file upload_11.txt (compact mmCIF, C-alpha atoms)
# COMPACT_ATOMS: atom_id res chain seq x y z
CA MET A 1 206.61 -67.54 -86.27
CA THR A 2 204.46 -70.57 -85.94
CA ALA A 3 203.54 -70.20 -82.29
CA GLU A 4 199.91 -70.88 -81.64
CA ALA A 5 197.97 -68.43 -79.53
CA PRO A 6 196.86 -69.77 -76.16
CA MET A 7 193.21 -70.60 -75.87
CA ALA A 8 191.29 -68.56 -73.35
CA PRO A 9 188.81 -70.06 -70.96
CA ALA A 10 185.24 -69.74 -72.17
CA LEU A 11 184.32 -66.06 -72.24
CA SER A 12 183.15 -65.23 -68.77
CA SER A 13 180.07 -63.52 -67.58
CA TYR A 14 182.08 -60.45 -66.61
CA GLY A 15 183.26 -57.55 -68.73
CA ARG A 16 182.54 -56.83 -72.36
CA LEU A 17 183.88 -58.01 -75.70
CA ILE A 18 184.34 -55.05 -78.10
CA ALA A 19 185.15 -55.57 -81.79
CA VAL A 20 188.27 -53.84 -83.18
CA THR A 21 189.82 -53.85 -86.64
CA VAL A 22 193.48 -54.44 -87.48
CA HIS A 23 194.40 -52.63 -90.70
CA PHE A 24 197.39 -53.16 -92.99
CA ASP A 25 199.15 -50.06 -91.65
CA ASP A 26 198.93 -51.51 -88.10
CA LEU A 27 201.41 -54.21 -89.11
CA ASP A 28 205.17 -53.82 -88.76
CA ALA A 29 207.86 -54.64 -91.36
CA LEU A 30 207.58 -58.35 -90.50
CA GLY A 31 203.83 -58.37 -91.07
CA LEU A 32 203.00 -58.59 -87.35
CA LEU A 33 200.69 -56.31 -85.41
CA HIS A 34 203.11 -53.68 -84.07
CA ASN A 35 203.53 -53.89 -80.30
CA ALA A 36 202.49 -50.24 -79.85
CA ARG A 37 199.17 -50.85 -81.65
CA TYR A 38 197.81 -53.22 -78.99
CA PRO A 39 197.39 -50.47 -76.34
CA LEU A 40 195.95 -48.14 -79.00
CA LEU A 41 193.32 -50.70 -80.01
CA VAL A 42 192.52 -51.38 -76.35
CA GLU A 43 192.10 -47.62 -75.77
CA ARG A 44 189.72 -47.40 -78.73
CA ALA A 45 187.66 -50.28 -77.32
CA TRP A 46 187.45 -48.58 -73.89
CA THR A 47 186.47 -45.29 -75.54
CA GLU A 48 183.62 -47.03 -77.35
CA LEU A 49 182.45 -48.77 -74.18
CA TRP A 50 182.44 -45.58 -72.08
CA GLN A 51 180.77 -43.55 -74.84
CA GLU A 52 177.93 -46.10 -74.83
CA ARG A 53 177.50 -45.13 -71.18
CA GLY A 54 177.53 -41.38 -71.86
CA ILE A 55 181.10 -40.77 -70.70
CA ARG A 56 183.07 -38.91 -73.34
CA PHE A 57 185.55 -36.13 -73.95
CA ASP A 58 184.24 -33.43 -76.27
CA GLY A 59 187.19 -31.03 -76.10
CA ASP A 60 186.46 -29.29 -72.80
CA TRP A 61 188.43 -30.72 -69.86
CA ALA A 62 186.41 -28.74 -67.31
CA ALA A 63 183.21 -30.36 -68.61
CA ALA A 64 184.79 -33.78 -69.17
CA GLY A 65 184.02 -35.08 -65.69
CA ASP A 66 185.05 -38.72 -65.41
CA ALA A 67 186.68 -38.60 -68.86
CA CYS A 68 189.34 -36.35 -67.31
CA ASN A 69 191.77 -39.06 -66.23
CA ALA A 70 195.36 -40.10 -66.76
CA VAL A 71 197.22 -43.37 -67.07
CA LYS A 72 199.38 -44.22 -64.07
CA GLU A 73 200.54 -47.66 -65.16
CA LEU A 74 200.28 -49.99 -68.17
CA ARG A 75 201.31 -53.65 -68.22
CA ILE A 76 200.99 -55.86 -71.26
CA THR A 77 202.14 -59.37 -72.09
CA TYR A 78 202.25 -60.52 -75.70
CA GLU A 79 201.30 -64.18 -75.94
CA ALA A 80 201.12 -64.84 -79.68
CA PRO A 81 201.58 -62.72 -82.82
CA VAL A 82 198.72 -61.26 -84.80
CA THR A 83 199.71 -61.89 -88.41
CA ARG A 84 196.65 -60.82 -90.36
CA THR A 85 194.41 -57.84 -90.80
CA GLY A 86 190.74 -58.15 -89.98
CA THR A 87 188.30 -58.15 -87.11
CA TYR A 88 189.50 -59.03 -83.61
CA ALA A 89 188.14 -58.15 -80.19
CA VAL A 90 189.19 -56.69 -76.88
CA HIS A 91 187.75 -58.26 -73.74
CA LEU A 92 187.49 -55.51 -71.10
CA TRP A 93 186.72 -55.59 -67.39
CA LEU A 94 187.49 -53.77 -64.16
CA GLU A 95 189.74 -55.45 -61.62
CA ARG A 96 189.40 -52.66 -59.03
CA LEU A 97 187.26 -49.55 -58.72
CA GLY A 98 188.59 -47.18 -56.07
CA THR A 99 187.59 -43.69 -55.01
CA THR A 100 189.91 -41.85 -57.45
CA GLY A 101 191.48 -44.67 -59.43
CA LEU A 102 190.70 -47.94 -61.10
CA THR A 103 192.51 -50.90 -62.59
CA TYR A 104 191.15 -52.50 -65.69
CA GLY A 105 192.10 -55.76 -67.29
CA PHE A 106 192.05 -56.57 -70.96
CA ARG A 107 192.69 -59.33 -73.46
CA PHE A 108 193.37 -58.71 -77.14
CA CYS A 109 191.73 -61.74 -78.68
CA SER A 110 190.05 -63.34 -81.65
CA ALA A 111 186.66 -61.91 -82.60
CA ASP A 112 184.89 -64.68 -80.67
CA GLY A 113 187.12 -64.27 -77.60
CA ALA A 114 188.47 -67.82 -77.82
CA VAL A 115 192.11 -67.06 -78.70
CA THR A 116 194.23 -64.64 -76.64
CA TYR A 117 197.07 -62.73 -78.35
CA ALA A 118 197.91 -60.30 -75.54
CA ARG A 119 196.69 -59.47 -72.06
CA GLY A 120 197.33 -56.76 -69.57
CA ALA A 121 196.13 -54.20 -67.10
CA ARG A 122 196.09 -50.44 -66.86
CA VAL A 123 195.69 -48.13 -63.88
CA LEU A 124 193.80 -44.84 -64.39
CA VAL A 125 193.44 -41.91 -62.01
CA ARG A 126 190.47 -39.52 -62.23
CA LEU A 127 191.74 -35.93 -62.26
CA ASP A 128 190.29 -32.57 -61.30
CA ALA A 129 190.54 -30.53 -64.52
CA GLY A 130 191.65 -27.38 -62.69
CA THR A 131 194.32 -28.79 -60.40
CA LEU A 132 195.23 -32.07 -62.18
CA ARG A 133 195.12 -33.73 -58.75
CA PRO A 134 193.20 -36.96 -58.07
CA ALA A 135 189.45 -36.48 -57.78
CA PRO A 136 186.64 -38.93 -56.98
CA TRP A 137 184.74 -40.73 -59.72
CA SER A 138 181.10 -39.66 -59.99
CA GLU A 139 178.41 -41.98 -58.67
CA ALA A 140 177.10 -42.48 -62.24
CA PHE A 141 180.58 -43.61 -63.33
CA ARG A 142 180.92 -45.89 -60.30
CA ALA A 143 177.54 -47.49 -61.07
CA ALA A 144 178.60 -48.15 -64.68
CA GLY A 145 181.96 -49.42 -63.47
CA ARG A 146 180.44 -51.87 -60.98
CA GLU A 147 178.76 -53.63 -63.92
CA LEU A 148 182.22 -54.35 -65.35
CA LEU A 149 183.89 -55.62 -62.16
CA ARG A 150 185.43 -59.05 -62.38
CA PRO A 151 184.08 -61.31 -59.64
CA ALA A 152 186.58 -62.39 -56.99
CA ASP A 153 188.00 -65.85 -57.71

call {"tool": "encode", "arguments": {"input": "upload_11.txt", "output": "structure tokens"}}
result
Amino acid sequence: MTAEAPMAPALSSYGRLIAVTVHFDDLDALGLLHNARYPLLVERAWTELWQERGIRFDGDWAAAGDACNAVKELRITYEAPVTRTGTYAVHLWLERLGTTGLTYGFRFCSADGAVTYARGARVLVRLDAGTLRPAPWSEAFRAAGRELLRPAD
């Protein structure tokens, strides 16, 4: 494949750019980043971002608080192949922060954020650990989330 990755607009003032590493075993038989690895690398970037803010899962769902959540929807569009190992980045932001759910956007991109390889969105629902029913995000989580909201166009 010789397709060139689309250039992204200059990295905005919203969201965060988190470094991720593509290893040899992330590549498929054709030497391309396997399609299932993109969501995994995005998840690792989100985990790092939330852990920086004190939100983490340490093995106890009852104590997990806002880390007790489930994916409701995942959309991803692959724009250009990743053909090499090395350092890349995931640009993360929140599109919507509701009472019990949120939608985040992401771009899998070059380390500097200039080239986009894939983009997508994921919907999460905060769960009550006992009932597994939707539960409200804590105010601390909402405050951290507001910092990541993408401004309206």

call {"tool": "residues_around", "arguments": {"input": "upload_11.txt", "residues": "Tyr88 (chain A)", "least_positions_apart": "2", "cutoff": "8 Å", "atoms": "all atoms listed in the file", "output": "compact mmCIF listing (two decimals) with C-alpha atoms, in the coordinates of the input"}}
result
# COMPACT_ATOMS: atom_id res chain seq x y z
CA ALA A 19 185.15 -55.57 -81.79
CA VAL A 20 188.27 -53.84 -83.18
CA THR A 21 189.82 -53.85 -86.64
CA VAL A 22 193.48 -54.44 -87.48
CA GLY A 86 190.74 -58.15 -89.98
CA VAL A 90 189.19 -56.69 -76.88
CA PHE A 108 193.37 -58.71 -77.14
CA CYS A 109 191.73 -61.74 -78.68
CA SER A 110 190.05 -63.34 -81.65
CA ALA A 111 186.66 -61.91 -82.60
CA ASP A 112 184.89 -64.68 -80.67

call {"tool": "atom_distance", "arguments": {"input": "upload_11.txt", "atom1": "CA of Gly105 (chain A)", "atom2": "CA of His91 (chain A)"}}
result
8.2 Å

call {"tool": "atom_distance", "arguments": {"input": "upload_11.txt", "atom1": "CA of Thr131 (chain A)", "atom2": "CA of Thr47 (chain A)"}}
result
23.7 Å

call {"tool": "atom_distance", "arguments": {"input": "upload_11.txt", "atom1": "CA of Trp50 (chain A)", "atom2": "CA of Arg96 (chain A)"}}
result
16.4 Å

call {"tool": "residues_around", "arguments": {"input": "upload_11.txt", "residues": "Leu49 (chain A)", "least_positions_apart": "4", "cutoff": "8 Å", "atoms": "only C-alpha atoms", "output": "VMD selection string"}}
result
chain A and resid 18 45 53

call {"tool": "closest_atom_pairs", "arguments": {"input": "upload_11.txt", "of": "region 61-124 of chain A", "to": "region 23-35 of chain A", "cutoff": "10 Å", "atoms": "only C-alpha atoms", "output": "JSON lines"}}
result
{"residue": "A:Ile76", "atom": "CA", "partner": "A:Asn35", "partner_atom": "CA", "distance": 9.6}
{"residue": "A:Thr77", "atom": "CA", "partner": "A:Asn35", "partner_atom": "CA", "distance": 10.0}
{"residue": "A:Tyr78", "atom": "CA", "partner": "A:Asn35", "partner_atom": "CA", "distance": 8.2}
{"residue": "A:Pro81", "atom": "CA", "partner": "A:Leu32", "partner_atom": "CA", "distance": 6.3}
{"residue": "A:Val82", "atom": "CA", "partner": "A:Leu33", "partner_atom": "CA", "distance": 5.4}
{"residue": "A:Thr83", "atom": "CA", "partner": "A:Leu32", "partner_atom": "CA", "distance": 4.8}
{"residue": "A:Arg84", "atom": "CA", "partner": "A:Leu32", "partner_atom": "CA", "distance": 7.4}
{"residue": "A:Thr85", "atom": "CA", "partner": "A:His23", "partner_atom": "CA", "distance": 5.2}
{"residue": "A:Gly86", "atom": "CA", "partner": "A:His23", "partner_atom": "CA", "distance": 6.7}
{"residue": "A:Thr87", "atom": "CA", "partner": "A:His23", "partner_atom": "CA", "distance": 9.0}
{"residue": "A:Ala118", "atom": "CA", "partner": "A:Asn35", "partner_atom": "CA", "distance": 9.8}

call {"tool": "write_last_selection", "arguments": {"input": "upload_11.txt", "atoms": "C-alpha atoms", "output": "compact mmCIF listing (two decimals), in the frame of the given file"}}
result
# COMPACT_ATOMS: atom_id res chain seq x y z
CA ILE A 76 200.99 -55.86 -71.26
CA THR A 77 202.14 -59.37 -72.09
CA TYR A 78 202.25 -60.52 -75.70
CA PRO A 81 201.58 -62.72 -82.82
CA VAL A 82 198.72 -61.26 -84.80
CA THR A 83 199.71 -61.89 -88.41
CA ARG A 84 196.65 -60.82 -90.36
CA THR A 85 194.41 -57.84 -90.80
CA GLY A 86 190.74 -58.15 -89.98
CA THR A 87 188.30 -58.15 -87.11
CA ALA A 118 197.91 -60.30 -75.54

call {"tool": "residues_near_point", "arguments": {"input": "upload_11.txt", "point": "(197.6, -56.1, -68.3)", "cutoff": "12 Å", "atoms": "all atoms listed in the file", "output": "PDB file with C-alpha atoms, in the frame of the given file"}}
result
ATOM      1  CA  TYR A  38     197.810 -53.220 -78.990  1.00  0.00           C
ATOM      2  CA  PRO A  39     197.390 -50.470 -76.340  1.00  0.00           C
ATOM      3  CA  VAL A  42     192.520 -51.380 -76.350  1.00  0.00           C
ATOM      4  CA  GLU A  73     200.540 -47.660 -65.160  1.00  0.00           C
ATOM      5  CA  LEU A  74     200.280 -49.990 -68.170  1.00  0.00           C
ATOM      6  CA  ARG A  75     201.310 -53.650 -68.220  1.00  0.00           C
ATOM      7  CA  ILE A  76     200.990 -55.860 -71.260  1.00  0.00           C
ATOM      8  CA  THR A  77     202.140 -59.370 -72.090  1.00  0.00           C
ATOM      9  CA  TYR A  78     202.250 -60.520 -75.700  1.00  0.00           C
ATOM     10  CA  GLU A  79     201.300 -64.180 -75.940  1.00  0.00           C
ATOM     11  CA  HIS A  91     187.750 -58.260 -73.740  1.00  0.00           C
ATOM     12  CA  LEU A  92     187.490 -55.510 -71.100  1.00  0.00           C
ATOM     13  CA  TRP A  93     186.720 -55.590 -67.390  1.00  0.00           C
ATOM     14  CA  LEU A  94     187.490 -53.770 -64.160  1.00  0.00           C
ATOM     15  CA  GLU A  95     189.740 -55.450 -61.620  1.00  0.00           C
ATOM     16  CA  THR A 103     192.510 -50.900 -62.590  1.00  0.00           C
ATOM     17  CA  TYR A 104     191.150 -52.500 -65.690  1.00  0.00           C
ATOM     18  CA  GLY A 105     192.100 -55.760 -67.290  1.00  0.00           C
ATOM     19  CA  PHE A 106     192.050 -56.570 -70.960  1.00  0.00           C
ATOM     20  CA  ARG A 107     192.690 -59.330 -73.460  1.00  0.00           C
ATOM     21  CA  PHE A 108     193.370 -58.710 -77.140  1.00  0.00           C
ATOM     22  CA  ALA A 118     197.910 -60.300 -75.540  1.00  0.00           C
ATOM     23  CA  ARG A 119     196.690 -59.470 -72.060  1.00  0.00           C
ATOM     24  CA  GLY A 120     197.330 -56.760 -69.570  1.00  0.00           C
ATOM     25  CA  ALA A 121     196.130 -54.200 -67.100  1.00  0.00           C
ATOM     26  CA  ARG A 122     196.090 -50.440 -66.860  1.00  0.00           C
ATOM     27  CA  VAL A 123     195.690 -48.130 -63.880  1.00  0.00           C
TER      28      VAL A 123
END

call {"tool": "residues_around", "arguments": {"input": "upload_11.txt", "residues": "Ala144 (chain A)", "least_positions_apart": "4", "cutoff": "12 Å", "atoms": "only C-alpha atoms", "output": "PDB file with C-alpha atoms, in the coordinates of the input"}}
result
ATOM      1  CA  GLY A  15     183.260 -57.550 -68.730  1.00  0.00           C
ATOM      2  CA  LEU A  49     182.450 -48.770 -74.180  1.00  0.00           C
ATOM      3  CA  TRP A  50     182.440 -45.580 -72.080  1.00  0.00           C
ATOM      4  CA  GLN A  51     180.770 -43.550 -74.840  1.00  0.00           C
ATOM      5  CA  GLU A  52     177.930 -46.100 -74.830  1.00  0.00           C
ATOM      6  CA  ARG A  53     177.500 -45.130 -71.180  1.00  0.00           C
ATOM      7  CA  GLY A  54     177.530 -41.380 -71.860  1.00  0.00           C
ATOM      8  CA  ILE A  55     181.100 -40.770 -70.700  1.00  0.00           C
ATOM      9  CA  ASP A  66     185.050 -38.720 -65.410  1.00  0.00           C
ATOM     10  CA  TRP A  93     186.720 -55.590 -67.390  1.00  0.00           C
ATOM     11  CA  LEU A  94     187.490 -53.770 -64.160  1.00  0.00           C
ATOM     12  CA  LEU A  97     187.260 -49.550 -58.720  1.00  0.00           C
ATOM     13  CA  TRP A 137     184.740 -40.730 -59.720  1.00  0.00           C
ATOM     14  CA  SER A 138     181.100 -39.660 -59.990  1.00  0.00           C
ATOM     15  CA  GLU A 139     178.410 -41.980 -58.670  1.00  0.00           C
ATOM     16  CA  ALA A 140     177.100 -42.480 -62.240  1.00  0.00           C
ATOM     17  CA  LEU A 148     182.220 -54.350 -65.350  1.00  0.00           C
ATOM     18  CA  LEU A 149     183.890 -55.620 -62.160  1.00  0.00           C
TER      19      LEU A 149
END
